[in-house]
Amino acid sequence: MKPRLGVLASGRGSNFQSIQTEIVSGALDAEVVVLISDRERAPALEIAENFGIESRYIPYDKSNRQDFEEKAAAMIEAHDCDLIILAGFMRIITPWFIDRFAGRILNIHPSLLPSFKGLHPQKQALDAGVKIAGCTVHVVTAEMDSGPIIAQRSVVVFDDDTEESLSDRILVQEHLLYPEAIRIYSEKRSAR
Ligand code: GRF
């Protein structure tokens, strides 16, 4: 059956947009049923609105992460989501939320994990002098950027790359990777 996706995003929302575009084109058999943002002015909210997808801004207070997570979890459960898609969601998710949706939260990270976890992975890749960089979609577990890898795509690092130019080329691959990884993971889950 068509997986029901709940998306969490904080900003630009280009990964969310590429997933939804693949859905609309028929290339990805899934449905985004709700988008949640922790930032009131996130462009991702506007993208959802343009696609006619229900969206909600939930304020995030670092000193009370559980408040956001309880509200987000309630929305996700009310919409009967099969998978939670982190698409540029810039907050740490607590073990409480991860346990509640164990094995059902996916994240995209702009490096070839397990290399360059955490912040500024593209800069980390340049500083390390690697010749191949890329992006990874993985299942979210308690340890950051460490869950089982679903799919990856690589890009060649050029000698004159800057953090920005490398990030831009990786982003092009992210947009191809995330819909592909959702397809792979959903098929695997429904075959169980
Ligand atoms: C992407 O590079 C993603 O890998 C990272 O944050 C960025 C979000 O971009 N986690 P967008 O909001 O999907 O455009």
# chains A, B, ... in the order shown; residues from 1 in each chain; ligands from 1
>>> closest_atom_pairs(of="chain A", to="ligand 1", cutoff="10 Å", atoms="only C-alpha atoms and all ligand atoms", output="JSON lines")
{"residue": "A:Leu8", "atom": "CA", "partner": "ligand 1", "partner_atom_place_in_ligand_line": "12 (O)", "distance": 9.8}
{"residue": "A:Ala9", "atom": "CA", "partner": "ligand 1", "partner_atom_place_in_ligand_line": "12 (O)", "distance": 6.5}
{"residue": "A:Ser10", "atom": "CA", "partner": "ligand 1", "partner_atom_place_in_ligand_line": "12 (O)", "distance": 6.6}
{"residue": "A:Gly11", "atom": "CA", "partner": "ligand 1", "partner_atom_place_in_ligand_line": "12 (O)", "distance": 4.9}
{"residue": "A:Arg12", "atom": "CA", "partner": "ligand 1", "partner_atom_place_in_ligand_line": "12 (O)", "distance": 4.0}
{"residue": "A:Gly13", "atom": "CA", "partner": "ligand 1", "partner_atom_place_in_ligand_line": "12 (O)", "distance": 3.6}
{"residue": "A:Ser14", "atom": "CA", "partner": "ligand 1", "partner_atom_place_in_ligand_line": "14 (O)", "distance": 3.5}
{"residue": "A:Asn15", "atom": "CA", "partner": "ligand 1", "partner_atom_place_in_ligand_line": "13 (O)", "distance": 3.6}
{"residue": "A:Phe16", "atom": "CA", "partner": "ligand 1", "partner_atom_place_in_ligand_line": "13 (O)", "distance": 5.9}
{"residue": "A:Gln17", "atom": "CA", "partner": "ligand 1", "partner_atom_place_in_ligand_line": "13 (O)", "distance": 7.7}
{"residue": "A:Ser18", "atom": "CA", "partner": "ligand 1", "partner_atom_place_in_ligand_line": "13 (O)", "distance": 8.5}
{"residue": "A:Ile19", "atom": "CA", "partner": "ligand 1", "partner_atom_place_in_ligand_line": "13 (O)", "distance": 9.8}
{"residue": "A:Ala42", "atom": "CA", "partner": "ligand 1", "partner_atom_place_in_ligand_line": "12 (O)", "distance": 8.8}
{"residue": "A:Pro43", "atom": "CA", "partner": "ligand 1", "partner_atom_place_in_ligand_line": "12 (O)", "distance": 8.4}
{"residue": "A:Ala44", "atom": "CA", "partner": "ligand 1", "partner_atom_place_in_ligand_line": "12 (O)", "distance": 7.2}
{"residue": "A:Leu86", "atom": "CA", "partner": "ligand 1", "partner_atom_place_in_ligand_line": "10 (N)", "distance": 7.8}
{"residue": "A:Ala87", "atom": "CA", "partner": "ligand 1", "partner_atom_place_in_ligand_line": "13 (O)", "distance": 5.1}
{"residue": "A:Gly88", "atom": "CA", "partner": "ligand 1", "partner_atom_place_in_ligand_line": "8 (C)", "distance": 3.5}
{"residue": "A:Phe89", "atom": "CA", "partner": "ligand 1", "partner_atom_place_in_ligand_line": "10 (N)", "distance": 6.5}
{"residue": "A:Met90", "atom": "CA", "partner": "ligand 1", "partner_atom_place_in_ligand_line": "10 (N)", "distance": 7.0}
{"residue": "A:Asn107", "atom": "CA", "partner": "ligand 1", "partner_atom_place_in_ligand_line": "10 (N)", "distance": 7.4}
{"residue": "A:Ile108", "atom": "CA", "partner": "ligand 1", "partner_atom_place_in_ligand_line": "4 (O)", "distance": 4.9}
{"residue": "A:His109", "atom": "CA", "partner": "ligand 1", "partner_atom_place_in_ligand_line": "4 (O)", "distance": 4.3}
{"residue": "A:Pro110", "atom": "CA", "partner": "ligand 1", "partner_atom_place_in_ligand_line": "4 (O)", "distance": 4.5}
{"residue": "A:Ser111", "atom": "CA", "partner": "ligand 1", "partner_atom_place_in_ligand_line": "4 (O)", "distance": 8.1}
{"residue": "A:Gly118", "atom": "CA", "partner": "ligand 1", "partner_atom_place_in_ligand_line": "10 (N)", "distance": 9.5}
{"residue": "A:Leu119", "atom": "CA", "partner": "ligand 1", "partner_atom_place_in_ligand_line": "10 (N)", "distance": 9.1}
{"residue": "A:His120", "atom": "CA", "partner": "ligand 1", "partner_atom_place_in_ligand_line": "5 (C)", "distance": 9.3}
{"residue": "A:Pro121", "atom": "CA", "partner": "ligand 1", "partner_atom_place_in_ligand_line": "4 (O)", "distance": 9.3}
{"residue": "A:Gln122", "atom": "CA", "partner": "ligand 1", "partner_atom_place_in_ligand_line": "2 (O)", "distance": 9.2}
{"residue": "A:Gly134", "atom": "CA", "partner": "ligand 1", "partner_atom_place_in_ligand_line": "4 (O)", "distance": 9.9}
{"residue": "A:Cys135", "atom": "CA", "partner": "ligand 1", "partner_atom_place_in_ligand_line": "4 (O)", "distance": 7.2}
{"residue": "A:Thr136", "atom": "CA", "partner": "ligand 1", "partner_atom_place_in_ligand_line": "4 (O)", "distance": 8.2}
{"residue": "A:Val137", "atom": "CA", "partner": "ligand 1", "partner_atom_place_in_ligand_line": "4 (O)", "distance": 8.8}
{"residue": "A:Ser167", "atom": "CA", "partner": "ligand 1", "partner_atom_place_in_ligand_line": "2 (O)", "distance": 7.1}
{"residue": "A:Asp168", "atom": "CA", "partner": "ligand 1", "partner_atom_place_in_ligand_line": "2 (O)", "distance": 8.5}
{"residue": "A:Ile170", "atom": "CA", "partner": "ligand 1", "partner_atom_place_in_ligand_line": "2 (O)", "distance": 7.6}
{"residue": "A:Leu171", "atom": "CA", "partner": "ligand 1", "partner_atom_place_in_ligand_line": "2 (O)", "distance": 5.8}
{"residue": "A:Val172", "atom": "CA", "partner": "ligand 1", "partner_atom_place_in_ligand_line": "2 (O)", "distance": 9.5}
{"residue": "A:Gln173", "atom": "CA", "partner": "ligand 1", "partner_atom_place_in_ligand_line": "4 (O)", "distance": 9.9}
{"residue": "A:Glu174", "atom": "CA", "partner": "ligand 1", "partner_atom_place_in_ligand_line": "4 (O)", "distance": 6.7}
{"residue": "A:His175", "atom": "CA", "partner": "ligand 1", "partner_atom_place_in_ligand_line": "13 (O)", "distance": 8.2}
{"residue": "A:Tyr178", "atom": "CA", "partner": "ligand 1", "partner_atom_place_in_ligand_line": "4 (O)", "distance": 9.5}
>>> closest_residue(among="A:Ile184, A:Ile23, A:Ile93, A:Ala191", to="Ala142 in chain A", atoms="only C-alpha atoms")
A:Ile93
>>> atom_distance(atom1="CA of Glu143 in chain A", atom2="CA of Arg189 in chain A")
22.0 Å
>>> residues_around(residues="Val33 in chain A", least_positions_apart="6", cutoff="8 Å", atoms="only C-alpha atoms", output="PyMOL selection string")
chain A and resi 4-6+53-54+79+81
>>> select_by_dssp(residues="range 12-42 of chain A", states="alpha helix (DSSP H)", output="PyMOL selection string")
chain A and resi 14-25
>>> write_last_selection(atoms="all heavy atoms", output="short mmCIF file (atom, residue, chain, number, x, y, z; two decimals), in the first residue's frame")
data_model
loop_
_atom_site.label_atom_id
_atom_site.label_comp_id
_atom_site.auth_asym_id
_atom_site.auth_seq_id
_atom_site.Cartn_x
_atom_site.Cartn_y
_atom_site.Cartn_z
N SER A 14 13.96 22.11 -0.21
CA SER A 14 14.15 21.61 -1.58
C SER A 14 14.07 20.09 -1.65
O SER A 14 13.62 19.54 -2.66
CB SER A 14 15.46 22.13 -2.17
OG SER A 14 16.57 21.53 -1.56
N ASN A 15 14.50 19.40 -0.60
CA ASN A 15 14.36 17.93 -0.60
C ASN A 15 12.89 17.53 -0.53
O ASN A 15 12.45 16.61 -1.24
CB ASN A 15 15.15 17.31 0.54
CG ASN A 15 16.61 17.10 0.16
OD1 ASN A 15 16.92 16.25 -0.67
ND2 ASN A 15 17.48 17.91 0.74
N PHE A 16 12.14 18.21 0.31
CA PHE A 16 10.70 17.96 0.38
C PHE A 16 10.06 18.18 -0.99
O PHE A 16 9.27 17.37 -1.48
CB PHE A 16 10.09 18.86 1.45
CG PHE A 16 8.62 19.08 1.34
CD1 PHE A 16 7.74 18.01 1.22
CD2 PHE A 16 8.09 20.38 1.36
CE1 PHE A 16 6.37 18.23 1.10
CE2 PHE A 16 6.74 20.59 1.25
CZ PHE A 16 5.87 19.52 1.12
N GLN A 17 10.45 19.28 -1.63
CA GLN A 17 9.88 19.60 -2.94
C GLN A 17 10.20 18.50 -3.97
O GLN A 17 9.34 18.12 -4.77
CB GLN A 17 10.42 20.95 -3.43
CG GLN A 17 9.88 21.32 -4.79
CD GLN A 17 9.87 22.82 -5.00
OE1 GLN A 17 10.59 23.57 -4.34
NE2 GLN A 17 9.05 23.29 -5.90
N SER A 18 11.42 18.01 -3.94
CA SER A 18 11.78 16.98 -4.92
C SER A 18 11.01 15.68 -4.66
O SER A 18 10.59 15.00 -5.60
CB SER A 18 13.29 16.74 -4.96
OG SER A 18 13.67 15.97 -3.85
N ILE A 19 10.78 15.36 -3.40
CA ILE A 19 9.99 14.16 -3.07
C ILE A 19 8.57 14.33 -3.58
O ILE A 19 8.01 13.46 -4.26
CB ILE A 19 10.00 13.91 -1.53
CG1 ILE A 19 11.39 13.51 -1.06
CG2 ILE A 19 8.95 12.86 -1.14
CD1 ILE A 19 11.60 13.58 0.44
N GLN A 20 8.00 15.49 -3.29
CA GLN A 20 6.61 15.73 -3.70
C GLN A 20 6.48 15.77 -5.23
O GLN A 20 5.51 15.29 -5.80
CB GLN A 20 6.10 17.03 -3.05
CG GLN A 20 4.67 17.40 -3.40
CD GLN A 20 3.66 16.32 -3.00
OE1 GLN A 20 3.93 15.44 -2.18
NE2 GLN A 20 2.48 16.36 -3.62
N THR A 21 7.49 16.32 -5.90
CA THR A 21 7.47 16.38 -7.37
C THR A 21 7.49 14.96 -7.95
O THR A 21 6.77 14.66 -8.91
CB THR A 21 8.67 17.21 -7.89
OG1 THR A 21 8.59 18.50 -7.29
CG2 THR A 21 8.65 17.36 -9.39
N GLU A 22 8.29 14.10 -7.36
CA GLU A 22 8.33 12.69 -7.82
C GLU A 22 6.99 12.00 -7.58
O GLU A 22 6.56 11.17 -8.38
CB GLU A 22 9.43 11.92 -7.07
CG GLU A 22 10.82 12.29 -7.46
CD GLU A 22 11.18 11.78 -8.85
OE1 GLU A 22 11.48 10.58 -8.97
OE2 GLU A 22 11.17 12.57 -9.81
N ILE A 23 6.34 12.35 -6.48
CA ILE A 23 5.04 11.76 -6.18
C ILE A 23 4.02 12.22 -7.23
O ILE A 23 3.29 11.42 -7.82
CB ILE A 23 4.58 12.14 -4.75
CG1 ILE A 23 5.46 11.43 -3.72
CG2 ILE A 23 3.10 11.80 -4.54
CD1 ILE A 23 5.21 11.84 -2.27
N VAL A 24 4.01 13.52 -7.48
CA VAL A 24 3.05 14.09 -8.43
C VAL A 24 3.27 13.51 -9.83
O VAL A 24 2.31 13.21 -10.55
CB VAL A 24 3.15 15.64 -8.44
CG1 VAL A 24 2.33 16.23 -9.57
CG2 VAL A 24 2.69 16.21 -7.10
N SER A 25 4.53 13.29 -10.18
CA SER A 25 4.82 12.76 -11.53
C SER A 25 4.50 11.27 -11.63
O SER A 25 4.53 10.70 -12.71
CB SER A 25 6.29 12.97 -11.87
OG SER A 25 7.08 12.01 -11.20
#
>>> residues_around(residues="Ile132 in chain A", least_positions_apart="3", cutoff="6 Å", atoms="only C-alpha atoms", output="PyMOL selection string")
chain A and resi 155-157
>>> write_last_selection(atoms="C-alpha atoms", output="PDB file, in the first residue's frame")
ATOM      1  CA  VAL A 155      29.932  13.250  -6.519  1.00  0.00           C
ATOM      2  CA  VAL A 156      33.494  13.961  -7.625  1.00  0.00           C
ATOM      3  CA  VAL A 157      35.278  16.675  -5.640  1.00  0.00           C
TER       4      VAL A 157
END
>>> atom_distance(atom1="CA of Tyr60 in chain A", atom2="CA of Ala72 in chain A")
10.5 Å
>>> closest_residue(among="A:Gln124, A:Thr162, A:Thr141, A:Gln152", to="Arg100 in chain A", atoms="only C-alpha atoms")
A:Thr141
>>> atom_distance(atom1="CA of Val7 in chain A", atom2="CA of Asn50 in chain A")
15.2 Å
>>> select_by_dssp(residues="range 32-163 of chain A", states="strand (DSSP E or B)", output="number ranges by chain")
A: 32-37, 55-57, 83-86, 105-109, 132-139, 149-156
>>> residues_around(residues="Met75 in chain A", least_positions_apart="6", cutoff="10 Å", atoms="only C-alpha atoms", output="VMD selection string")
chain A and resid 6 34 to 36 56 69 81
